[in-house]
Amino acid sequence: MGFIYNGIIQFFGLTLKIIAGFNQKIALGVQGRSKTFDILRKNLTHGDKTLWFHCASLGEYEQGLPIFTALRKHYADHKIILSFFSPSGYEIRKNSSVTDLVIYLPLDTRQNAKQFIDLVNPELTVFVKYDIWPNYLNTIKKRHLRAILISGVFRADQRFFKFYGGLFRHALFAFEHIFTQNQASKILLESINYLDATVSGDTRFDRVSNQLHQDNSLDFVETFKQDDLCIVAGSTWPEDEAYLVDFITSASFTNLKIVIAPHNIKPSQIRKLKKELPVRTVLYSESDYTSLKNSQVLILDTIGLLSKAYSYADIAYVGGAVGHTGLHNTLEPAVFGVPILIGQNHKNFPEARAMIDLGGMFSISSSEDLQARLTELISNKTLRLSSGSKNADFIKENQGAVIQIRNYLRI
């Protein structure tokens, strides 16, 4: 199995190089991985004490951040290396203040894994959620180095639990402990005889709860919103935006403001969205006091402001689940106690399912469905407030993962 896997990884690497000529995002990853070992050699010496954090992408980084921050404080004399596989994580967090080096993780070949661990030699490795790379983890295990997995979530249809998944099952045993998001994941691990697991919950609940203690004010949003009802649509994709355009086109509400924060902020995509909107619309990058005050739609054509923008929402829409790109972070608006709308493709997002069952989140399957649900929430203040309150309570009830992990690590 290992021989086949390594052949697949080599082929995967070759394929990425070919596709990189036609895809800028993939090109960033290919170029970034080619520089990793040089970066490590230039910044690490043989006597350095190190920690290694690995995240697949930005979402996993946000999950891991509370633990990363705690480890940064406790291990102040260590150099901390943060690796990403996806450019969407690396490019946004390449200047992370909780680490000393941010790098792309080289492809999971035996040679890369050996070279990487030779250079880094981490005292502790922390993987987040599910990005399991057998050669790296097996190298860690052979060298008797410490590693844990946090916010792990497992499903029966994953390869760890299939007859052909032996290589990946074996890799899990490199972790001295796995902290899972739910009991079902722990039971699945026990089914393959992995017994060093704790149900700690999802560290994202602790992460978003901290947002309530931050300064969330945005002067330009206050100028835009004034005293009107506000919908904040975050991390939207074109398919989400098509639904929103239909709603805005048909809506007859006065005193309603809408903030749209697209996932893709390429100028061509932003211009297209603005052109499709039939009401006065202003871009954040072009805004001034007058244009903000007189517009009905504000497009955030920048990154890093969405979590604060949600604090101004009376209703939130979170993108990614109308299509199949993956639902974005629904906990960020939930912590502010607002009702949330999402698309129908949320099967692999247990927190969304939980909030839907509680009545704080609503799944829509068509443009007409979105219009009907938004109309109901706008018109019915009691429903709007009670639904939002259920989401805020859900966040409060699920905090505590960070404390359990810190207690285990004795930090």
# chains A, B, ... in the order shown; residues from 1 in each chain; ligands from 1
$ residues_around --residues "Leu331 (chain A)" --least-positions-apart "6" --cutoff "9 Å" --atoms "only C-alpha atoms" --output "list in words"
Arg204, Phe205, Val208, Glu351, Ala352, Asn391 and Ile395 of chain A
$ write_last_selection --atoms "N, CA and C atoms" --output "PDB file, in the first residue's frame"
ATOM      1  N   ARG A 204     -13.122  26.025  17.650  1.00  0.00           N
ATOM      2  CA  ARG A 204     -13.644  27.245  17.027  1.00  0.00           C
ATOM      3  C   ARG A 204     -14.651  27.961  17.916  1.00  0.00           C
ATOM      4  N   PHE A 205     -15.354  27.214  18.771  1.00  0.00           N
ATOM      5  CA  PHE A 205     -16.302  27.852  19.687  1.00  0.00           C
ATOM      6  C   PHE A 205     -15.576  28.793  20.641  1.00  0.00           C
ATOM      7  N   VAL A 208     -14.311  31.896  18.425  1.00  0.00           N
ATOM      8  CA  VAL A 208     -15.288  32.936  18.096  1.00  0.00           C
ATOM      9  C   VAL A 208     -15.802  33.635  19.348  1.00  0.00           C
ATOM     10  N   GLU A 351     -21.941  21.506  12.978  1.00  0.00           N
ATOM     11  CA  GLU A 351     -22.404  22.688  13.701  1.00  0.00           C
ATOM     12  C   GLU A 351     -23.592  23.331  12.994  1.00  0.00           C
ATOM     13  N   ALA A 352     -23.613  23.256  11.658  1.00  0.00           N
ATOM     14  CA  ALA A 352     -24.749  23.791  10.908  1.00  0.00           C
ATOM     15  C   ALA A 352     -25.992  22.950  11.160  1.00  0.00           C
ATOM     16  N   ASN A 391     -28.742  30.702  18.550  1.00  0.00           N
ATOM     17  CA  ASN A 391     -27.375  30.553  18.053  1.00  0.00           C
ATOM     18  C   ASN A 391     -26.356  31.003  19.094  1.00  0.00           C
ATOM     19  N   ILE A 395     -23.360  28.624  20.979  1.00  0.00           N
ATOM     20  CA  ILE A 395     -21.927  28.928  21.103  1.00  0.00           C
ATOM     21  C   ILE A 395     -21.480  28.799  22.558  1.00  0.00           C
TER      22      ILE A 395
END
$ closest_atom_pairs --of "region 104-216 of chain A" --to "region 302-311 of chain A" --cutoff "10 Å" --atoms "only C-alpha atoms" --output "Markdown table"
| residue | atom | partner | partner_atom | distance |
| --- | --- | --- | --- | --- |
| A:Val208 | CA | A:Ser307 | CA | 8.8 |
| A:Gln211 | CA | A:Ser307 | CA | 7.9 |
| A:Leu212 | CA | A:Ser311 | CA | 8.9 |
| A:Gln214 | CA | A:Lys308 | CA | 9.0 |
| A:Asp215 | CA | A:Lys308 | CA | 8.2 |
| A:Asn216 | CA | A:Lys308 | CA | 4.8 |
$ select_by_dssp --residues "region 144-345 of chain A" --states "alpha helix (DSSP H)" --output "PyMOL selection string"
chain A and resi 166-172+183-191+203-209+219-225+238-250+267-276+289-294+306-309+331-334
$ residues_around --residues "Gln399 (chain A)" --least-positions-apart "2" --cutoff "10 Å" --atoms "only C-alpha atoms" --output "list in words"
Ser200, Gly201, Asp202, Thr203, Arg204, Phe205, Asp206, Arg207, Val208, Ser209, Phe394, Ile395, Lys396, Glu397, Ala401, Val402 and Ile403 of chain A
$ residues_around --residues "region 228-244 of chain A" --least-positions-apart "6" --cutoff "6 Å" --atoms "only C-alpha atoms" --output "list in words"
Asn255, Leu256, Lys257, Ile258, Val259, Ile260, Ala261, Pro262, His263, Ala313, Asp314, Ile315, Ala316, Tyr317, Val318, Gly319 and Ser367 of chain A
$ write_last_selection --atoms "N, CA and C atoms" --output "PDB file, in the first residue's frame"
ATOM      1  N   ASN A 255     -35.595  51.002   4.590  1.00  0.00           N
ATOM      2  CA  ASN A 255     -34.800  50.912   5.820  1.00  0.00           C
ATOM      3  C   ASN A 255     -34.112  49.554   5.961  1.00  0.00           C
ATOM      4  N   LEU A 256     -33.565  49.070   4.840  1.00  0.00           N
ATOM      5  CA  LEU A 256     -32.839  47.800   4.828  1.00  0.00           C
ATOM      6  C   LEU A 256     -31.489  48.013   4.155  1.00  0.00           C
ATOM      7  N   LYS A 257     -30.434  47.637   4.828  1.00  0.00           N
ATOM      8  CA  LYS A 257     -29.088  47.713   4.275  1.00  0.00           C
ATOM      9  C   LYS A 257     -28.495  46.311   4.172  1.00  0.00           C
ATOM     10  N   ILE A 258     -27.669  46.101   3.142  1.00  0.00           N
ATOM     11  CA  ILE A 258     -27.092  44.781   2.904  1.00  0.00           C
ATOM     12  C   ILE A 258     -25.593  44.913   2.680  1.00  0.00           C
ATOM     13  N   VAL A 259     -24.820  44.175   3.466  1.00  0.00           N
ATOM     14  CA  VAL A 259     -23.372  44.096   3.301  1.00  0.00           C
ATOM     15  C   VAL A 259     -23.044  42.750   2.660  1.00  0.00           C
ATOM     16  N   ILE A 260     -22.296  42.770   1.572  1.00  0.00           N
ATOM     17  CA  ILE A 260     -21.869  41.534   0.914  1.00  0.00           C
ATOM     18  C   ILE A 260     -20.351  41.465   0.957  1.00  0.00           C
ATOM     19  N   ALA A 261     -19.829  40.366   1.508  1.00  0.00           N
ATOM     20  CA  ALA A 261     -18.386  40.148   1.577  1.00  0.00           C
ATOM     21  C   ALA A 261     -18.051  38.916   0.738  1.00  0.00           C
ATOM     22  N   PRO A 262     -17.740  39.109  -0.558  1.00  0.00           N
ATOM     23  CA  PRO A 262     -17.464  37.956  -1.431  1.00  0.00           C
ATOM     24  C   PRO A 262     -16.205  37.202  -1.018  1.00  0.00           C
ATOM     25  N   HIS A 263     -16.230  35.904  -1.239  1.00  0.00           N
ATOM     26  CA  HIS A 263     -15.028  35.103  -0.995  1.00  0.00           C
ATOM     27  C   HIS A 263     -13.944  35.467  -2.009  1.00  0.00           C
ATOM     28  N   ALA A 313     -24.854  42.834  12.044  1.00  0.00           N
ATOM     29  CA  ALA A 313     -25.926  42.117  11.357  1.00  0.00           C
ATOM     30  C   ALA A 313     -27.153  41.930  12.244  1.00  0.00           C
ATOM     31  N   ASP A 314     -28.315  42.063  11.627  1.00  0.00           N
ATOM     32  CA  ASP A 314     -29.571  41.611  12.232  1.00  0.00           C
ATOM     33  C   ASP A 314     -29.927  40.232  11.699  1.00  0.00           C
ATOM     34  N   ILE A 315     -29.445  39.956  10.488  1.00  0.00           N
ATOM     35  CA  ILE A 315     -29.600  38.654   9.842  1.00  0.00           C
ATOM     36  C   ILE A 315     -28.292  38.385   9.105  1.00  0.00           C
ATOM     37  N   ALA A 316     -27.821  37.147   9.156  1.00  0.00           N
ATOM     38  CA  ALA A 316     -26.590  36.792   8.445  1.00  0.00           C
ATOM     39  C   ALA A 316     -26.858  35.721   7.401  1.00  0.00           C
ATOM     40  N   TYR A 317     -26.123  35.809   6.317  1.00  0.00           N
ATOM     41  CA  TYR A 317     -26.114  34.756   5.296  1.00  0.00           C
ATOM     42  C   TYR A 317     -24.659  34.322   5.145  1.00  0.00           C
ATOM     43  N   VAL A 318     -24.415  33.009   5.173  1.00  0.00           N
ATOM     44  CA  VAL A 318     -23.053  32.494   5.034  1.00  0.00           C
ATOM     45  C   VAL A 318     -22.966  31.664   3.765  1.00  0.00           C
ATOM     46  N   GLY A 319     -22.006  31.984   2.924  1.00  0.00           N
ATOM     47  CA  GLY A 319     -21.904  31.359   1.617  1.00  0.00           C
ATOM     48  C   GLY A 319     -21.179  30.028   1.598  1.00  0.00           C
ATOM     49  N   SER A 367     -33.610  30.351  -4.983  1.00  0.00           N
ATOM     50  CA  SER A 367     -33.718  31.806  -4.859  1.00  0.00           C
ATOM     51  C   SER A 367     -35.038  32.193  -4.201  1.00  0.00           C
TER      52      SER A 367
END
$ atom_distance --atom1 "CA of Asp288 (chain A)" --atom2 "CA of Val245 (chain A)"
23.5 Å
$ residues_around --residues "Tyr136 (chain A)" --least-positions-apart "4" --cutoff "12 Å" --atoms "only C-alpha atoms" --output "ChimeraX atom specification"
/A:52,54,105-118,120-122,125,127,131-132,140-143,145,147,168,170-172,174-175
$ write_last_selection --atoms "N, CA and C atoms" --output "tab-separated table (two decimals), in the first residue's frame"
chain	number	residue	atom	x	y	z
A	52	TRP	N	5.84	22.48	15.79
A	52	TRP	CA	5.32	22.49	14.43
A	52	TRP	C	3.79	22.42	14.47
A	54	HIS	N	0.45	22.32	11.95
A	54	HIS	CA	0.06	22.12	10.54
A	54	HIS	C	-1.45	22.26	10.36
A	105	LEU	N	3.66	23.20	3.17
A	105	LEU	CA	4.12	21.85	3.46
A	105	LEU	C	4.48	21.15	2.15
A	106	PRO	N	5.72	20.68	2.02
A	106	PRO	CA	6.09	19.93	0.81
A	106	PRO	C	5.22	18.67	0.67
A	107	LEU	N	5.10	18.18	-0.55
A	107	LEU	CA	4.29	16.98	-0.78
A	107	LEU	C	4.76	15.83	0.10
A	108	ASP	N	3.84	14.95	0.44
A	108	ASP	CA	4.08	13.89	1.42
A	108	ASP	C	4.81	12.69	0.81
A	109	THR	N	6.04	12.93	0.36
A	109	THR	CA	6.88	11.82	-0.08
A	109	THR	C	7.77	11.40	1.09
A	110	ARG	N	8.31	10.20	1.02
A	110	ARG	CA	9.18	9.73	2.10
A	110	ARG	C	10.41	10.62	2.24
A	111	GLN	N	10.99	11.01	1.11
A	111	GLN	CA	12.18	11.85	1.14
A	111	GLN	C	11.88	13.22	1.73
A	112	ASN	N	10.75	13.82	1.32
A	112	ASN	CA	10.38	15.13	1.86
A	112	ASN	C	10.13	15.06	3.36
A	113	ALA	N	9.42	14.02	3.79
A	113	ALA	CA	9.10	13.87	5.20
A	113	ALA	C	10.38	13.75	6.04
A	114	LYS	N	11.32	12.92	5.57
A	114	LYS	CA	12.58	12.74	6.30
A	114	LYS	C	13.35	14.06	6.36
A	115	GLN	N	13.44	14.75	5.22
A	115	GLN	CA	14.19	16.00	5.17
A	115	GLN	C	13.55	17.07	6.05
A	116	PHE	N	12.23	17.13	6.02
A	116	PHE	CA	11.50	18.11	6.81
A	116	PHE	C	11.72	17.89	8.30
A	117	ILE	N	11.56	16.65	8.75
A	117	ILE	CA	11.71	16.35	10.18
A	117	ILE	C	13.18	16.49	10.60
A	118	ASP	N	14.11	16.19	9.70
A	118	ASP	CA	15.53	16.43	10.01
A	118	ASP	C	15.77	17.90	10.33
A	120	VAL	N	13.40	20.36	11.07
A	120	VAL	CA	12.53	20.96	12.09
A	120	VAL	C	12.71	20.29	13.45
A	121	ASN	N	12.72	18.96	13.46
A	121	ASN	CA	12.86	18.18	14.69
A	121	ASN	C	11.96	18.72	15.80
A	122	PRO	N	10.66	18.73	15.59
A	122	PRO	CA	9.76	19.41	16.54
A	122	PRO	C	9.62	18.70	17.88
A	125	THR	N	4.25	18.42	17.79
A	125	THR	CA	3.56	18.69	16.54
A	125	THR	C	2.06	18.72	16.80
A	127	PHE	N	-1.46	18.87	14.65
A	127	PHE	CA	-2.25	18.87	13.42
A	127	PHE	C	-3.68	19.26	13.78
A	131	ASP	N	-6.15	16.80	8.23
A	131	ASP	CA	-5.17	16.76	7.15
A	131	ASP	C	-4.08	15.75	7.50
A	132	ILE	N	-4.33	14.48	7.20
A	132	ILE	CA	-3.46	13.39	7.63
A	132	ILE	C	-2.51	13.00	6.50
A	140	ILE	N	7.47	10.91	12.20
A	140	ILE	CA	7.36	11.39	13.58
A	140	ILE	C	7.30	10.22	14.56
A	141	LYS	N	6.50	9.23	14.21
A	141	LYS	CA	6.34	8.08	15.11
A	141	LYS	C	7.64	7.30	15.25
A	142	LYS	N	8.34	7.08	14.15
A	142	LYS	CA	9.60	6.32	14.19
A	142	LYS	C	10.64	7.02	15.04
A	143	ARG	N	10.58	8.33	15.10
A	143	ARG	CA	11.57	9.08	15.87
A	143	ARG	C	11.10	9.39	17.29
A	145	LEU	N	8.71	11.24	18.42
A	145	LEU	CA	8.40	12.64	18.67
A	145	LEU	C	6.93	12.79	19.03
A	147	ALA	N	3.14	14.19	19.07
A	147	ALA	CA	2.20	14.80	18.14
A	147	ALA	C	0.78	14.60	18.65
A	168	PHE	N	-3.50	4.87	6.15
A	168	PHE	CA	-3.99	6.05	6.84
A	168	PHE	C	-4.39	5.73	8.27
A	170	HIS	N	-2.88	3.53	10.11
A	170	HIS	CA	-1.58	3.44	10.80
A	170	HIS	C	-1.05	4.83	11.13
A	171	ALA	N	-1.26	5.79	10.23
A	171	ALA	CA	-0.76	7.15	10.44
A	171	ALA	C	-1.40	7.79	11.66
A	172	LEU	N	-2.66	7.48	11.93
A	172	LEU	CA	-3.34	8.06	13.08
A	172	LEU	C	-2.65	7.70	14.39
A	174	ALA	N	0.32	7.73	15.04
A	174	ALA	CA	1.46	8.60	15.34
A	174	ALA	C	1.07	9.67	16.37
A	175	PHE	N	-0.22	9.94	16.49
A	175	PHE	CA	-0.69	10.91	17.47
A	175	PHE	C	-0.78	10.25	18.84
$ closest_residue --among "A:Gln296, A:Tyr5, A:Leu283, A:Leu119" --to "Tyr164 (chain A)" --atoms "only C-alpha atoms"
A:Tyr5
$ closest_residue --among "A:Asn138, A:Asp301, A:Asn329, A:Arg271" --to "Gly2 (chain A)" --atoms "only C-alpha atoms"
A:Asn138
